[in-house]
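Asks: Below is the file final22.cif, which contains mmCIF, C-alpha atoms and all ligand atoms.
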```cif
data_query
#
loop_
_atom_site.label_atom_id
_atom_site.label_comp_id
_atom_site.auth_asym_id
_atom_site.auth_seq_id
_atom_site.Cartn_x
_atom_site.Cartn_y
_atom_site.Cartn_z
CA MET A 44 -14.28 7.53 -10.76
CA ARG A 45 -11.47 5.52 -9.18
CA THR A 46 -8.19 5.00 -11.01
CA TRP A 47 -6.16 1.85 -10.43
CA ILE A 48 -2.83 1.66 -8.60
CA VAL A 49 -0.17 -1.02 -8.56
CA ALA A 50 2.45 -0.50 -5.85
CA GLY A 51 5.59 -2.59 -5.45
CA ASN A 52 6.91 -3.00 -1.92
CA TRP A 53 10.56 -3.98 -2.29
CA LYS A 54 10.96 -4.48 1.48
CA MET A 55 14.62 -4.98 2.56
CA HIS A 56 15.83 -5.92 -0.92
CA ASN A 57 18.12 -4.34 -3.51
CA THR A 58 21.35 -2.39 -3.40
CA ILE A 59 21.47 1.01 -5.09
CA GLY A 60 22.68 -0.56 -8.35
CA GLU A 61 19.99 -3.25 -8.28
CA SER A 62 17.34 -0.65 -7.49
CA ILE A 63 18.36 1.51 -10.47
CA THR A 64 18.21 -1.49 -12.80
CA LEU A 65 14.77 -2.53 -11.54
CA ALA A 66 13.38 1.02 -11.54
CA GLN A 67 14.65 1.54 -15.08
CA ALA A 68 12.98 -1.67 -16.31
CA ILE A 69 9.67 -0.64 -14.68
CA LYS A 70 9.93 2.84 -16.16
CA GLU A 71 10.55 1.44 -19.64
CA GLY A 72 7.71 -1.06 -19.31
CA THR A 73 5.11 1.50 -18.28
CA THR A 74 5.45 4.26 -20.86
CA ASN A 75 1.98 3.58 -22.28
CA ILE A 76 -0.10 3.13 -19.16
CA LYS A 77 -3.37 5.02 -18.89
CA ASN A 78 -5.92 5.72 -16.16
CA GLY A 79 -3.72 4.38 -13.43
CA GLU A 80 -0.59 4.72 -11.35
CA VAL A 81 2.49 2.62 -10.82
CA VAL A 82 4.34 3.14 -7.53
CA ILE A 83 7.60 1.63 -6.32
CA ALA A 84 8.72 1.49 -2.69
CA PRO A 85 12.46 0.80 -2.52
CA PRO A 86 14.37 0.65 0.78
CA PHE A 87 15.40 4.05 2.19
CA THR A 88 18.97 3.73 0.92
CA SER A 89 17.78 3.48 -2.68
CA LEU A 90 15.06 6.13 -2.63
CA TYR A 91 17.15 8.90 -4.11
CA SER A 92 18.67 6.86 -6.93
CA ALA A 93 15.28 5.35 -7.71
CA TYR A 94 13.80 8.85 -7.78
CA GLU A 95 16.50 10.04 -10.19
CA THR A 96 15.72 7.04 -12.42
CA ILE A 97 11.94 7.49 -12.58
CA LYS A 98 11.47 11.23 -12.13
CA ASP A 99 10.38 11.99 -15.71
CA SER A 100 8.17 8.94 -16.04
CA GLN A 101 4.75 7.56 -15.13
CA VAL A 102 6.19 5.83 -12.08
CA THR A 103 6.04 7.47 -8.65
CA LEU A 104 7.94 6.79 -5.46
CA ALA A 105 6.85 5.56 -2.04
CA ALA A 106 8.70 4.98 1.22
CA GLN A 107 7.98 1.87 3.26
CA ASN A 108 7.66 3.64 6.61
CA MET A 109 8.29 6.94 8.39
CA HIS A 110 8.31 8.44 11.86
CA TYR A 111 5.45 10.69 12.93
CA GLU A 112 7.65 13.46 14.35
CA ASP A 113 9.08 16.22 12.15
CA LYS A 114 12.60 15.91 13.58
CA GLY A 115 14.43 15.15 16.79
CA ALA A 116 16.40 12.59 18.78
CA PHE A 117 15.00 9.42 17.20
CA THR A 118 18.11 7.48 16.22
CA GLY A 119 17.60 5.34 13.15
CA GLU A 120 14.29 6.93 12.14
CA ILE A 121 13.31 8.91 9.03
CA ALA A 122 11.16 12.06 9.16
CA PRO A 123 8.21 12.67 6.83
CA GLY A 124 9.74 15.88 5.47
CA MET A 125 12.87 13.94 4.48
CA LEU A 126 10.73 11.62 2.36
CA LYS A 127 9.04 14.55 0.68
CA ASP A 128 12.46 16.10 0.07
CA ILE A 129 13.82 12.94 -1.57
CA GLY A 130 10.91 12.74 -4.03
CA CYS A 131 8.34 10.45 -2.41
CA THR A 132 4.67 10.87 -3.32
CA TYR A 133 3.39 7.98 -1.19
CA VAL A 134 4.34 6.30 2.07
CA ILE A 135 3.28 2.82 3.16
CA ILE A 136 1.94 2.97 6.71
CA GLY A 137 1.01 0.15 9.08
CA HIS A 138 2.33 -2.76 7.02
CA SER A 139 1.74 -5.99 8.95
CA GLU A 140 5.49 -6.57 9.17
CA ARG A 141 5.80 -3.19 10.96
CA ARG A 142 2.94 -4.14 13.25
CA LYS A 143 4.39 -7.59 13.98
CA TYR A 144 8.16 -7.07 14.21
CA PHE A 145 8.31 -3.42 15.27
CA HIS A 146 5.23 -3.42 17.49
CA GLU A 147 3.45 -0.58 15.73
CA ARG A 148 0.09 0.05 17.33
CA ASP A 149 -3.05 1.52 15.81
CA GLU A 150 -2.28 4.74 17.73
CA ASP A 151 1.18 5.07 16.12
CA ILE A 152 -0.32 4.37 12.72
CA ASN A 153 -2.91 7.10 13.24
CA LEU A 154 -0.16 9.62 14.10
CA LYS A 155 1.76 8.58 11.00
CA VAL A 156 -1.26 8.88 8.68
CA LYS A 157 -2.03 12.36 10.01
CA LYS A 158 1.57 13.52 9.74
CA ALA A 159 2.02 12.10 6.24
CA LEU A 160 -1.01 14.06 5.06
CA ALA A 161 0.20 17.19 6.85
CA VAL A 162 3.47 17.19 4.89
CA GLY A 163 1.81 16.31 1.57
CA LEU A 164 2.58 12.58 1.39
CA LYS A 165 -0.21 10.17 0.44
CA PRO A 166 -0.47 7.27 2.88
CA ILE A 167 -1.00 3.70 1.67
CA LEU A 168 -2.62 2.44 4.85
CA CYS A 169 -2.32 -1.34 5.33
CA VAL A 170 -4.88 -3.35 7.26
CA GLY A 171 -5.56 -7.06 7.51
CA GLU A 172 -6.36 -9.95 9.79
CA THR A 173 -4.07 -12.78 10.88
CA GLU A 174 -4.87 -16.42 10.10
CA ASP A 175 -5.96 -16.94 13.70
CA GLU A 176 -8.34 -13.97 13.52
CA ARG A 177 -9.88 -15.31 10.29
CA ILE A 178 -10.35 -18.75 11.85
CA LYS A 179 -12.01 -17.14 14.88
CA ASP A 180 -14.29 -15.23 12.49
CA VAL A 181 -13.28 -11.78 13.78
CA THR A 182 -11.95 -10.45 10.47
CA GLN A 183 -14.55 -7.70 10.22
CA SER A 184 -14.09 -6.45 13.78
CA VAL A 185 -10.29 -6.38 13.32
CA ILE A 186 -10.56 -4.43 10.06
CA ASP A 187 -13.17 -2.09 11.55
CA ARG A 188 -10.87 -1.32 14.50
CA GLN A 189 -7.73 -0.88 12.38
CA ILE A 190 -9.43 1.49 9.94
CA LYS A 191 -11.34 3.58 12.46
CA LYS A 192 -8.30 4.00 14.71
CA ALA A 193 -5.92 4.75 11.82
CA LEU A 194 -8.28 7.32 10.34
CA SER A 195 -9.35 8.98 13.58
CA GLY A 196 -9.20 12.75 13.01
CA VAL A 197 -8.24 12.32 9.34
CA ASP A 198 -10.13 14.60 6.96
CA LYS A 199 -8.10 14.51 3.69
CA ILE A 200 -9.41 11.04 2.95
CA ASP A 201 -9.20 11.55 -0.83
CA LYS A 202 -5.39 11.43 -0.45
CA VAL A 203 -5.44 8.09 1.39
CA VAL A 204 -5.16 4.68 -0.28
CA ILE A 205 -6.17 1.62 1.72
CA ALA A 206 -4.42 -1.73 1.20
CA TYR A 207 -6.25 -4.81 2.44
CA GLU A 208 -3.52 -7.35 3.13
CA PRO A 209 -4.60 -10.49 4.95
CA VAL A 210 -1.53 -11.34 7.03
CA TRP A 211 -1.87 -15.05 6.23
CA ALA A 212 -1.50 -14.25 2.53
CA ILE A 213 1.64 -12.09 2.73
CA GLY A 214 4.69 -13.86 1.37
CA THR A 215 3.05 -17.26 1.86
CA GLY A 216 1.79 -18.04 -1.64
CA LYS A 217 -1.72 -18.39 -0.10
CA VAL A 218 -3.65 -15.76 -2.02
CA ALA A 219 -7.17 -14.83 -0.88
CA THR A 220 -9.85 -15.91 -3.33
CA SER A 221 -11.47 -13.10 -5.26
CA ILE A 222 -14.66 -13.72 -3.27
CA GLN A 223 -12.86 -13.53 0.10
CA ALA A 224 -11.01 -10.38 -0.94
CA GLU A 225 -14.05 -8.64 -2.43
CA GLU A 226 -16.07 -9.39 0.71
CA VAL A 227 -13.53 -7.50 2.84
CA HIS A 228 -13.05 -4.71 0.27
CA ARG A 229 -16.82 -4.15 0.21
CA PHE A 230 -16.83 -4.13 4.01
CA ILE A 231 -14.02 -1.54 4.03
CA ARG A 232 -15.93 0.63 1.56
CA GLY A 233 -18.90 0.44 3.92
CA ILE A 234 -16.77 1.69 6.82
CA LEU A 235 -15.46 4.53 4.65
CA LYS A 236 -19.03 5.42 3.72
CA GLU A 237 -20.01 5.49 7.37
CA LEU A 238 -17.05 7.80 8.12
CA TYR A 239 -16.92 9.99 5.01
CA GLY A 240 -20.19 9.60 3.10
CA ASP A 241 -20.21 9.55 -0.70
CA VAL A 242 -16.49 10.38 -1.01
CA SER A 243 -15.96 6.73 -0.10
CA LYS A 244 -16.80 5.82 -3.70
CA ASP A 245 -13.59 7.51 -4.85
CA ILE A 246 -11.16 5.96 -2.35
CA ARG A 247 -8.84 3.34 -3.80
CA ILE A 248 -8.66 -0.01 -1.97
CA LEU A 249 -5.79 -2.30 -3.04
CA TYR A 250 -5.45 -6.01 -2.41
CA GLY A 251 -2.10 -7.34 -1.20
CA GLY A 252 -0.92 -10.85 -0.37
CA SER A 253 0.92 -13.22 -2.74
CA VAL A 254 -0.29 -11.40 -5.86
CA THR A 255 1.24 -12.72 -9.09
CA LYS A 256 0.49 -12.24 -12.75
CA ASP A 257 -1.28 -15.62 -12.64
CA ASN A 258 -3.79 -14.74 -9.93
CA ILE A 259 -4.36 -10.99 -10.34
CA GLY A 260 -6.76 -11.38 -13.29
CA GLU A 261 -9.60 -12.75 -11.19
CA LEU A 262 -9.01 -10.44 -8.21
CA ILE A 263 -8.99 -7.30 -10.33
CA GLY A 264 -12.30 -8.24 -11.89
CA MET A 265 -14.02 -7.52 -8.57
CA GLU A 266 -15.90 -4.27 -8.16
CA ASN A 267 -14.14 -2.96 -5.05
CA ILE A 268 -10.57 -4.06 -5.83
CA ASP A 269 -8.80 -1.06 -7.32
CA GLY A 270 -5.30 -2.41 -7.67
CA ALA A 271 -2.59 -4.30 -5.83
CA LEU A 272 0.17 -3.89 -3.29
CA VAL A 273 2.78 -6.39 -4.41
CA GLY A 274 5.75 -7.72 -2.44
CA GLY A 275 7.74 -10.64 -3.87
CA ALA A 276 6.48 -10.29 -7.44
CA SER A 277 7.51 -6.62 -7.55
CA LEU A 278 11.21 -7.57 -7.49
CA LYS A 279 11.22 -9.05 -11.00
CA PRO A 280 10.37 -6.75 -13.92
CA ASP A 281 8.47 -9.42 -15.89
CA ALA A 282 6.36 -10.45 -12.93
CA PHE A 283 5.56 -6.87 -11.89
CA LEU A 284 4.92 -5.61 -15.42
CA GLY A 285 2.69 -8.64 -16.04
CA ILE A 286 0.53 -7.62 -13.07
CA ILE A 287 0.40 -4.00 -14.27
CA GLN A 288 -0.61 -5.05 -17.78
CA GLN A 289 -3.49 -7.14 -16.52
CA ILE A 290 -4.78 -4.47 -14.17
CA SER A 291 -4.55 -1.72 -16.75
CA GLY A 292 -6.34 -3.93 -19.26
CA LYS A 293 -9.24 -4.67 -16.92
CA LYS A 294 -9.86 -1.43 -15.00
C1 LIG B 301 3.44 -7.09 0.97
O1 LIG B 301 4.44 -7.24 1.64
O2 LIG B 301 2.82 -6.02 1.03
C2 LIG B 301 3.02 -8.19 0.14
C3 LIG B 301 1.82 -8.15 -0.35
O3 LIG B 301 3.92 -9.20 -0.06
P1 LIG B 301 3.75 -10.48 -1.05
O4 LIG B 301 3.19 -9.96 -2.35
O5 LIG B 301 5.12 -11.02 -1.19
O6 LIG B 301 2.80 -11.41 -0.38
#
```
For the structure just supplied, provide its representation as structure tokens.
Ligand code: PEP
Replies:
Amino acid sequence: MRTWIVAGNWKMHNTIGESITLAQAIKEGTTNIKNGEVVIAPPFTSLYSAYETIKDSQVTLAAQNMHYEDKGAFTGEIAPGMLKDIGCTYVIIGHSERRKYFHERDEDINLKVKKALAVGLKPILCVGETEDERIKDVTQSVIDRQIKKALSGVDKIDKVVIAYEPVWAIGTGKVATSIQAEEVHRFIRGILKELYGDVSKDIRILYGGSVTKDNIGELIGMENIDGALVGGASLKPDAFLGIIQQISGKK
């Protein structure tokens, strides 16, 4: 039995004060949720204050990235143990913006997934094709490569959440149709079945890419869509809570 998740990726937005206000509003708006999880991913500088705000609530904390080494001379980086220490439960790994602007490769993502699990963080592993790859009809081979490389040598698969985020849909307002999204989610579940057998039925696969409270209803009705990774719409309490309400009502 899979439980739903809605995760808000705040990206490089919000001061500490703004983060506390937003986290507080999400906490207050989610006191009655059942059978699911709400996760927020503030920027590093707000993690601790967000944690202090939500710690006795239904909301859990994620980081947006981490290094794969435990410690060392990696100026500007954050170690997995530091995220655990500050109260994170989840960590987003392999977001397309990390792949595009910071040149993260499948190999780096694999090291990060393995290290996150080793320290007790649950990875939200992002995969997705670019617009060009969809036009060239190589979506499935791209997703197959990203998942198999990221999960190479990974055995605690029950702790991993996958986020399918078509790159062309992120921050563009161009949401995938429920049929397009479900097709890829079903394909991902097939890969997980090939790799892990029946456990694949229990792995959560989130959709991400221009999700709003107006388009989530149809997406969440699909069999293999278990929740959402939300960027822009996670920065406004009404928009984010509207998405959570619809998902919790339908799953
Ligand atoms: C994201 O960055 O993970 C994302 C899905 O962004 P948006 O919802 O803004 O498209």
Asks: Using all atoms listed in the file, which protein or nucleic acid residues are at most 6 Å from ligand LIG 301 (chain B), as JSON, numbers by chain?
Replies: {"A": [52, 212, 213, 214, 251, 252, 253, 254, 272, 273, 274, 275]}
Asks: For the residues selected in the previous step, produce a file with C-alpha atoms as an mmCIF file, in the coordinates of the input.
Replies:
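After the write, selection_10.cif holds the following:
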```
data_model
loop_
_atom_site.group_PDB
_atom_site.id
_atom_site.type_symbol
_atom_site.label_atom_id
_atom_site.label_comp_id
_atom_site.auth_asym_id
_atom_site.auth_seq_id
_atom_site.Cartn_x
_atom_site.Cartn_y
_atom_site.Cartn_z
ATOM 1 C CA ASN A 52 6.910 -3.000 -1.920
ATOM 2 C CA ALA A 212 -1.500 -14.250 2.530
ATOM 3 C CA ILE A 213 1.640 -12.090 2.730
ATOM 4 C CA GLY A 214 4.690 -13.860 1.370
ATOM 5 C CA GLY A 251 -2.100 -7.340 -1.200
ATOM 6 C CA GLY A 252 -0.920 -10.850 -0.370
ATOM 7 C CA SER A 253 0.920 -13.220 -2.740
ATOM 8 C CA VAL A 254 -0.290 -11.400 -5.860
ATOM 9 C CA LEU A 272 0.170 -3.890 -3.290
ATOM 10 C CA VAL A 273 2.780 -6.390 -4.410
ATOM 11 C CA GLY A 274 5.750 -7.720 -2.440
ATOM 12 C CA GLY A 275 7.740 -10.640 -3.870
#
```
Asks: Once you add 3 Å to each side, what are the centre and edge lengths of the axis-aligned box holding all listed atoms of range 93-98 of chain A? One decimal in Å, as JSON, if you can.
Replies:
```
{"center_x": 14.0, "center_y": 8.3, "center_z": -10.1, "size_x": 11.0, "size_y": 11.9, "size_z": 10.9}
```
Asks: Could you check which residues have any atom within 12 Å of (-7.1, 9.5, 1.0), counting all atoms listed in the file with coordinates taken straight from the file, and then list them as an NGL selection string?
Replies: :A and (45 or 133-134 or 156-157 or 159-160 or 163-168 or 193-194 or 197-206 or 235 or 239 or 242-248)
Asks: How far is it from CA of Ser139 in chain A to CA of Ile286 in chain A, in Å with one decimal?
Replies: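 Result for CA of Ser139 in chain A versus CA of Ile286 in chain A: 22.1 Å, one decimal.
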Asks: Grab the CA of Gly72 in chain A to CA of Ile97 in chain A distance for me, in Å with one decimal place.
Replies: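 Spanning CA of Gly72 in chain A to CA of Ile97 in chain A is a straight-line distance of 11.7 Å.
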Asks: Looking at all atoms listed in the file, which of A:Pro85, A:Ile59, A:Ala105, A:Asn75 is the one that sits closest to Ser277 in chain A?
Replies: A:Pro85
Asks: Considering all atoms listed in the file, state which residue in the set A:Lys54, A:Met125, A:Thr73, A:Gln183 is at the smallest distance from Gly285 in chain A.
Replies: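 Result for the nearest residue to Gly285 in chain A: A:Thr73.
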Asks: Starting from the point (-11.4, -9.1, 6.2), work out which residues of protein, DNA or RNA have an atom no more than 7 Å away when counting only C-alpha atoms; state them as a list of chain:residue names.
Replies: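 Checked against the point, the hits come out as A:Gly171, A:Glu172, A:Thr182, A:Gln183, A:Ile186, A:Val227.
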